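Novice: First, the structure itself, so that you have it in front of you.
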Amino acid sequence: MHRAGFVNIVGNPNVGKSTLMNALVGERISIITSKSQTTRHRIMGIVNGDDFQIVYSDTPGVLKPNYRLQESMLEASQSALTDADVLLYVTDTVETYDKNADFLEKAKQSGAPIFLIINKIDLNSSQTELEELVQKWSEVLPGAKIFPVCAKEKFGMDLLLENLKEMLPENPAYFEKDAMTDRPARFFVTEIIREKILQLYEKEIPYSVEVVVEQFKENDSMIRIHAAIIAERDSQKGILIGKGGAMLKKVGSAARADIETFFEKKVYLELFVRVEKDWRNRDRQLKQFGYNLSNN
């Protein structure tokens, strides 16, 4: 008997969904920063065993969209409610129960079994408070299995995995058994570069840029990558480059080191910045950058 299924990770921003995804997959699939709205796409990570395959999906944090890019992010989160064999609804020890109640209600109505993940329990001050939290969530989501975890320290992952395997339907594998993700190599290059931008720049800059790999050439010894950082305004371009190109060099150096680790190969990375005005609200650009948009 072989089990296989889709386990979709959903929840509000900044509760640790991407950290949980990476801990479950055992690889660095999703980028992680302390800033909200880090994840923009639905990203799959695949875990294989002799008799099972779990296809995890990390999704953007649920938010009220202010522009077309965020509408695409919300659609990615909502689509995860419709095709899950198991839903992992992630919260943490400080989030209130009524935050984004509409989305929580949609999760309850999805029909999929729900595992409620209480993340960041290392920040909880006492066992009593944690027990009270579990009790409250059992009232909010009756029937859900509740798992207190610390994804950052990988605490609780083994128990969660065993329970997930039991919930998977009998199916053949959906992907090749050596597959780690459904995304191509270029995608992870763009995500690593975008992660460094999130870490190195403040205010609106990280949310106003996109990264596009325009050249990816690989041989036995090296990968050569040319990537463009897309800004919305000319003033952002200057900030991204920095005085004498210092900031752009900093991004490139940090990104190259992580890309080399990811691919286990020497990397030559060339970055440049160009402006595409108001790209976050333009459907044509968003589709070119790989975002799915409804016609609403």
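By order in the structure tokens, chains are A, B, ...; within a chain, residues start at 1; ligands start at 1, following the order shown.
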Just list the residues in segment 47-218 of chain A DSSP gives strand (DSSP E or B) on the backbone, as a VMD selection string.

Specialist: chain A and resid 47 to 49 52 to 58 86 to 92 114 to 119 145 to 148 150 155 170 210 to 218

Novice: Go ahead and dump the residues you just picked, C-alpha atoms, as an mmCIF file, in the first residue's frame.

Specialist:
data_model
loop_
_atom_site.group_PDB
_atom_site.id
_atom_site.type_symbol
_atom_site.label_atom_id
_atom_site.label_comp_id
_atom_site.auth_asym_id
_atom_site.auth_seq_id
_atom_site.Cartn_x
_atom_site.Cartn_y
_atom_site.Cartn_z
ATOM 1 C CA VAL A 47 8.923 14.442 1.061
ATOM 2 C CA ASN A 48 9.280 10.823 -0.059
ATOM 3 C CA GLY A 49 9.382 7.508 1.756
ATOM 4 C CA PHE A 52 4.421 7.482 1.012
ATOM 5 C CA GLN A 53 4.808 10.864 -0.675
ATOM 6 C CA ILE A 54 3.757 14.130 0.970
ATOM 7 C CA VAL A 55 3.468 17.193 -1.251
ATOM 8 C CA TYR A 56 3.574 20.231 1.026
ATOM 9 C CA SER A 57 2.529 23.688 -0.169
ATOM 10 C CA ASP A 58 3.754 26.871 1.494
ATOM 11 C CA VAL A 86 -4.862 17.803 4.867
ATOM 12 C CA LEU A 87 -4.754 21.475 5.897
ATOM 13 C CA LEU A 88 -2.079 22.703 8.277
ATOM 14 C CA TYR A 89 -3.508 25.895 9.768
ATOM 15 C CA VAL A 90 -0.580 27.669 11.443
ATOM 16 C CA THR A 91 -0.905 30.088 14.337
ATOM 17 C CA ASP A 92 1.486 31.000 17.156
ATOM 18 C CA ILE A 114 -7.357 20.315 9.766
ATOM 19 C CA PHE A 115 -4.206 20.077 11.833
ATOM 20 C CA LEU A 116 -3.931 23.216 13.962
ATOM 21 C CA ILE A 117 -0.239 24.036 14.411
ATOM 22 C CA ILE A 118 0.623 26.272 17.373
ATOM 23 C CA ASN A 119 4.110 27.441 16.442
ATOM 24 C CA LYS A 145 -5.869 17.844 15.731
ATOM 25 C CA ILE A 146 -3.681 20.304 17.621
ATOM 26 C CA PHE A 147 0.122 20.204 17.561
ATOM 27 C CA PRO A 148 2.236 22.617 19.643
ATOM 28 C CA CYS A 150 8.720 25.008 17.496
ATOM 29 C CA PHE A 155 10.554 20.403 17.828
ATOM 30 C CA GLU A 170 -4.023 5.562 -0.841
ATOM 31 C CA GLU A 210 10.722 41.709 -8.074
ATOM 32 C CA VAL A 211 13.664 39.614 -9.253
ATOM 33 C CA VAL A 212 13.932 38.063 -12.718
ATOM 34 C CA VAL A 213 16.666 35.662 -13.843
ATOM 35 C CA GLU A 214 17.471 36.645 -17.416
ATOM 36 C CA GLN A 215 20.332 34.213 -17.976
ATOM 37 C CA PHE A 216 21.137 30.892 -16.294
ATOM 38 C CA LYS A 217 23.989 28.917 -17.856
ATOM 39 C CA GLU A 218 25.368 25.849 -16.116
#

Novice: I want to know what sits within 12 Å of Arg284 of chain A, based on only C-alpha atoms, with residues of the same chain fewer than 6 positions away left out; could you give that as an mmCIF file with N, CA and C atoms, in the first residue's frame?

Specialist:
data_model
loop_
_atom_site.group_PDB
_atom_site.id
_atom_site.type_symbol
_atom_site.label_atom_id
_atom_site.label_comp_id
_atom_site.auth_asym_id
_atom_site.auth_seq_id
_atom_site.Cartn_x
_atom_site.Cartn_y
_atom_site.Cartn_z
ATOM 1 N N ARG A 68 -2.713 44.674 -7.007
ATOM 2 C CA ARG A 68 -2.926 43.433 -7.751
ATOM 3 C C ARG A 68 -1.979 42.310 -7.322
ATOM 4 N N LEU A 69 -0.748 42.644 -6.995
ATOM 5 C CA LEU A 69 0.177 41.611 -6.526
ATOM 6 C C LEU A 69 -0.391 40.923 -5.292
ATOM 7 N N GLU A 276 10.312 49.322 -13.800
ATOM 8 C CA GLU A 276 9.064 49.076 -14.530
ATOM 9 C C GLU A 276 7.963 49.681 -13.667
ATOM 10 N N ASP A 278 5.078 50.964 -11.521
ATOM 11 C CA ASP A 278 3.814 50.432 -10.991
ATOM 12 C C ASP A 278 3.580 48.976 -11.386
ATOM 13 N N GLY A 290 5.195 35.460 -13.317
ATOM 14 C CA GLY A 290 4.756 34.155 -12.833
ATOM 15 C C GLY A 290 3.628 34.172 -11.825
ATOM 16 N N TYR A 291 2.914 35.301 -11.704
ATOM 17 C CA TYR A 291 1.784 35.364 -10.775
ATOM 18 C C TYR A 291 0.489 35.014 -11.487
ATOM 19 N N ASN A 292 -0.359 34.270 -10.791
ATOM 20 C CA ASN A 292 -1.668 33.911 -11.332
ATOM 21 C C ASN A 292 -2.682 34.949 -10.888
ATOM 22 N N LEU A 293 -3.498 35.398 -11.845
ATOM 23 C CA LEU A 293 -4.484 36.442 -11.546
ATOM 24 C C LEU A 293 -5.848 36.004 -12.077
#

Novice: Would you pick out the contacts of Ala257 of chain A at 12 Å or less, using only C-alpha atoms, so that residues sharing its chain but fewer than 6 positions from it are not included, and give the list as JSON, numbers by chain?

Specialist: {"A": [189, 192, 193, 196, 250, 251, 263, 264, 265, 266, 267, 268, 269]}

Novice: Using only C-alpha atoms, what table do you get, as JSON lines, when you list each residue of segment 130-198 of chain A with an atom no more than 9 Å from segment 6-19 of chain A, its nearest pair of atoms, and their distance in Å rounded to one decimal, rows by chain then rising number?

Specialist:
{"residue": "A:Ala151", "atom": "CA", "partner": "A:Thr19", "partner_atom": "CA", "distance": 5.9}
{"residue": "A:Lys152", "atom": "CA", "partner": "A:Thr19", "partner_atom": "CA", "distance": 6.2}
{"residue": "A:Leu164", "atom": "CA", "partner": "A:Val7", "partner_atom": "CA", "distance": 8.3}
{"residue": "A:Leu168", "atom": "CA", "partner": "A:Phe6", "partner_atom": "CA", "distance": 8.1}

Novice: Hey, can you spit out that residue selection with C-alpha atoms as a PDB file, in the first residue's frame?

Specialist:
ATOM      1  CA  ALA A 151       9.469  24.845  13.778  1.00  0.00           C
ATOM      2  CA  LYS A 152      12.671  26.871  14.159  1.00  0.00           C
ATOM      3  CA  LEU A 164       0.195  13.228   8.567  1.00  0.00           C
ATOM      4  CA  LEU A 168      -2.863  10.436   3.499  1.00  0.00           C
TER       5      LEU A 168
END

Novice: Which of these, A:Gln78, A:Thr93, A:Ser221, A:Thr39, has the shortest distance to Glu131 of chain A once you count only C-alpha atoms?

Specialist: A:Thr93

Novice: Based on DSSP run over this structure's backbone, return all residues of segment 50-96 of chain A in helix (DSSP H, G or I), as a list in words.

Specialist: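 After running DSSP on the backbone, segment 50-96 of chain A has helix (DSSP H, G or I) at Arg68, Leu69, Gln70, Glu71, Ser72, Met73, Leu74, Glu75, Ala76, Ser77, Gln78 and Ser79 of chain A.
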
Novice: Save the residues we just selected, C-alpha atoms, as an mmCIF file, in the first residue's frame?

Specialist:
data_model
loop_
_atom_site.group_PDB
_atom_site.id
_atom_site.type_symbol
_atom_site.label_atom_id
_atom_site.label_comp_id
_atom_site.auth_asym_id
_atom_site.auth_seq_id
_atom_site.Cartn_x
_atom_site.Cartn_y
_atom_site.Cartn_z
ATOM 1 C CA ARG A 68 -2.926 43.433 -7.751
ATOM 2 C CA LEU A 69 0.177 41.611 -6.526
ATOM 3 C CA GLN A 70 -1.460 41.097 -3.136
ATOM 4 C CA GLU A 71 -4.653 39.917 -4.859
ATOM 5 C CA SER A 72 -2.563 37.184 -6.512
ATOM 6 C CA MET A 73 -1.027 36.300 -3.141
ATOM 7 C CA LEU A 74 -4.488 36.010 -1.551
ATOM 8 C CA GLU A 75 -5.684 33.824 -4.429
ATOM 9 C CA ALA A 76 -2.722 31.512 -3.832
ATOM 10 C CA SER A 77 -3.706 31.180 -0.171
ATOM 11 C CA GLN A 78 -7.372 30.600 -0.933
ATOM 12 C CA SER A 79 -6.639 28.032 -3.655
#

Novice: Could you please determine the separation between atom CA of Leu198 of chain A and atom CA of Lys154 of chain A in Å, to one decimal place?

Specialist: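 Here the two named atoms are 23.9 Å from each other.
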
Novice: Pick out the residues sitting within 8 Å of Ile43 of chain A, and hand them over as a PyMOL selection string; count only C-alpha atoms, and ignore anything fewer than 3 positions along from it in its own chain.

Specialist: chain A and resi 29-30+57-59+181-183

Novice: Print the selection's residues with N, CA and C atoms to a file, as a PDB file, in the first residue's frame.

Specialist:
ATOM      1  N   ILE A  29      13.521  25.350   1.237  1.00  0.00           N
ATOM      2  CA  ILE A  29      12.689  25.580   0.060  1.00  0.00           C
ATOM      3  C   ILE A  29      12.145  27.006   0.043  1.00  0.00           C
ATOM      4  N   SER A  30      11.623  27.458   1.188  1.00  0.00           N
ATOM      5  CA  SER A  30      11.006  28.782   1.278  1.00  0.00           C
ATOM      6  C   SER A  30      11.943  29.756   1.982  1.00  0.00           C
ATOM      7  N   SER A  57       2.595  22.388   0.500  1.00  0.00           N
ATOM      8  CA  SER A  57       2.529  23.688  -0.169  1.00  0.00           C
ATOM      9  C   SER A  57       2.654  24.790   0.869  1.00  0.00           C
ATOM     10  N   ASP A  58       3.656  25.640   0.709  1.00  0.00           N
ATOM     11  CA  ASP A  58       3.754  26.871   1.494  1.00  0.00           C
ATOM     12  C   ASP A  58       2.975  27.941   0.743  1.00  0.00           C
ATOM     13  N   THR A  59       2.254  28.783   1.473  1.00  0.00           N
ATOM     14  CA  THR A  59       1.418  29.799   0.827  1.00  0.00           C
ATOM     15  C   THR A  59       1.670  31.171   1.441  1.00  0.00           C
ATOM     16  N   THR A 181      10.877  19.503  -5.246  1.00  0.00           N
ATOM     17  CA  THR A 181       9.941  20.614  -5.422  1.00  0.00           C
ATOM     18  C   THR A 181       9.442  20.613  -6.852  1.00  0.00           C
ATOM     19  N   ASP A 182       8.375  21.375  -7.093  1.00  0.00           N
ATOM     20  CA  ASP A 182       7.854  21.521  -8.450  1.00  0.00           C
ATOM     21  C   ASP A 182       8.441  22.735  -9.150  1.00  0.00           C
ATOM     22  N   ARG A 183       9.277  23.497  -8.458  1.00  0.00           N
ATOM     23  CA  ARG A 183       9.794  24.744  -9.011  1.00  0.00           C
ATOM     24  C   ARG A 183      11.130  24.531  -9.723  1.00  0.00           C
TER      25      ARG A 183
END

Novice: Tell me, in Å to one decimal, how far atom CA of Leu24 of chain A is from atom CA of Phe289 of chain A.

Specialist: 27.6 Å

Novice: If we count only C-alpha atoms and set the cut-off at 10 Å, which residues sit around segment 228-239 of chain A, ignoring sequence neighbours fewer than 3 positions away in its own chain? Please answer as a PDB file with C-alpha atoms, in the first residue's frame.

Specialist:
ATOM      1  CA  THR A 190      15.117  34.744  -7.567  1.00  0.00           C
ATOM      2  CA  ILE A 193      18.120  37.285  -4.092  1.00  0.00           C
ATOM      3  CA  ARG A 194      14.748  38.592  -2.904  1.00  0.00           C
ATOM      4  CA  ILE A 197      16.754  42.421  -0.367  1.00  0.00           C
ATOM      5  CA  TYR A 201      16.606  47.195   2.896  1.00  0.00           C
ATOM      6  CA  GLU A 204       8.777  49.876   1.189  1.00  0.00           C
ATOM      7  CA  ILE A 205      11.798  48.837  -0.900  1.00  0.00           C
ATOM      8  CA  PRO A 206      11.579  45.028  -0.339  1.00  0.00           C
ATOM      9  CA  TYR A 207       7.865  45.022  -1.170  1.00  0.00           C
ATOM     10  CA  SER A 208       8.273  47.139  -4.310  1.00  0.00           C
ATOM     11  CA  VAL A 209      10.785  44.924  -6.089  1.00  0.00           C
ATOM     12  CA  GLU A 210      10.722  41.709  -8.074  1.00  0.00           C
ATOM     13  CA  VAL A 211      13.664  39.614  -9.253  1.00  0.00           C
ATOM     14  CA  VAL A 212      13.932  38.063 -12.718  1.00  0.00           C
ATOM     15  CA  VAL A 213      16.666  35.662 -13.843  1.00  0.00           C
ATOM     16  CA  GLU A 214      17.471  36.645 -17.416  1.00  0.00           C
ATOM     17  CA  GLN A 215      20.332  34.213 -17.976  1.00  0.00           C
ATOM     18  CA  GLY A 242      23.578  52.538  -3.236  1.00  0.00           C
ATOM     19  CA  LYS A 243      26.507  54.933  -3.285  1.00  0.00           C
ATOM     20  CA  GLY A 245      27.094  50.472  -6.166  1.00  0.00           C
ATOM     21  CA  MET A 247      24.390  48.117  -1.681  1.00  0.00           C
ATOM     22  CA  LEU A 248      23.959  46.138  -4.888  1.00  0.00           C
ATOM     23  CA  GLU A 270      25.703  39.599 -12.029  1.00  0.00           C
ATOM     24  CA  LEU A 271      22.916  41.876 -10.779  1.00  0.00           C
ATOM     25  CA  PHE A 272      21.470  45.018 -12.298  1.00  0.00           C
ATOM     26  CA  VAL A 273      18.437  47.190 -11.536  1.00  0.00           C
ATOM     27  CA  ARG A 274      15.764  48.457 -13.913  1.00  0.00           C
ATOM     28  CA  VAL A 275      12.493  50.320 -13.413  1.00  0.00           C
ATOM     29  CA  GLU A 276       9.064  49.076 -14.530  1.00  0.00           C
ATOM     30  CA  LYS A 277       6.678  51.673 -13.183  1.00  0.00           C
ATOM     31  CA  ASP A 278       3.814  50.432 -10.991  1.00  0.00           C
ATOM     32  CA  TRP A 279       4.489  46.787 -11.888  1.00  0.00           C
ATOM     33  CA  ARG A 280       2.599  45.541  -8.794  1.00  0.00           C
TER      34      ARG A 280
END

Novice: Return the single residue from A:Val94, A:Ala185, A:Ala112, A:Ala173 that is closest to Asp50 of chain A, with distances computed using only C-alpha atoms.

Specialist: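 Comparing A:Val94, A:Ala185, A:Ala112, A:Ala173 against Asp50 of chain A, the winner is A:Ala173.
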
Novice: Determine the nearest neighbour of Val140 of chain A from the options A:Gln127, A:Asp98, A:Pro169, A:Ile121, counting only C-alpha atoms.

Specialist: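 For Val140 of chain A, the nearest of the given residues is A:Asp98.
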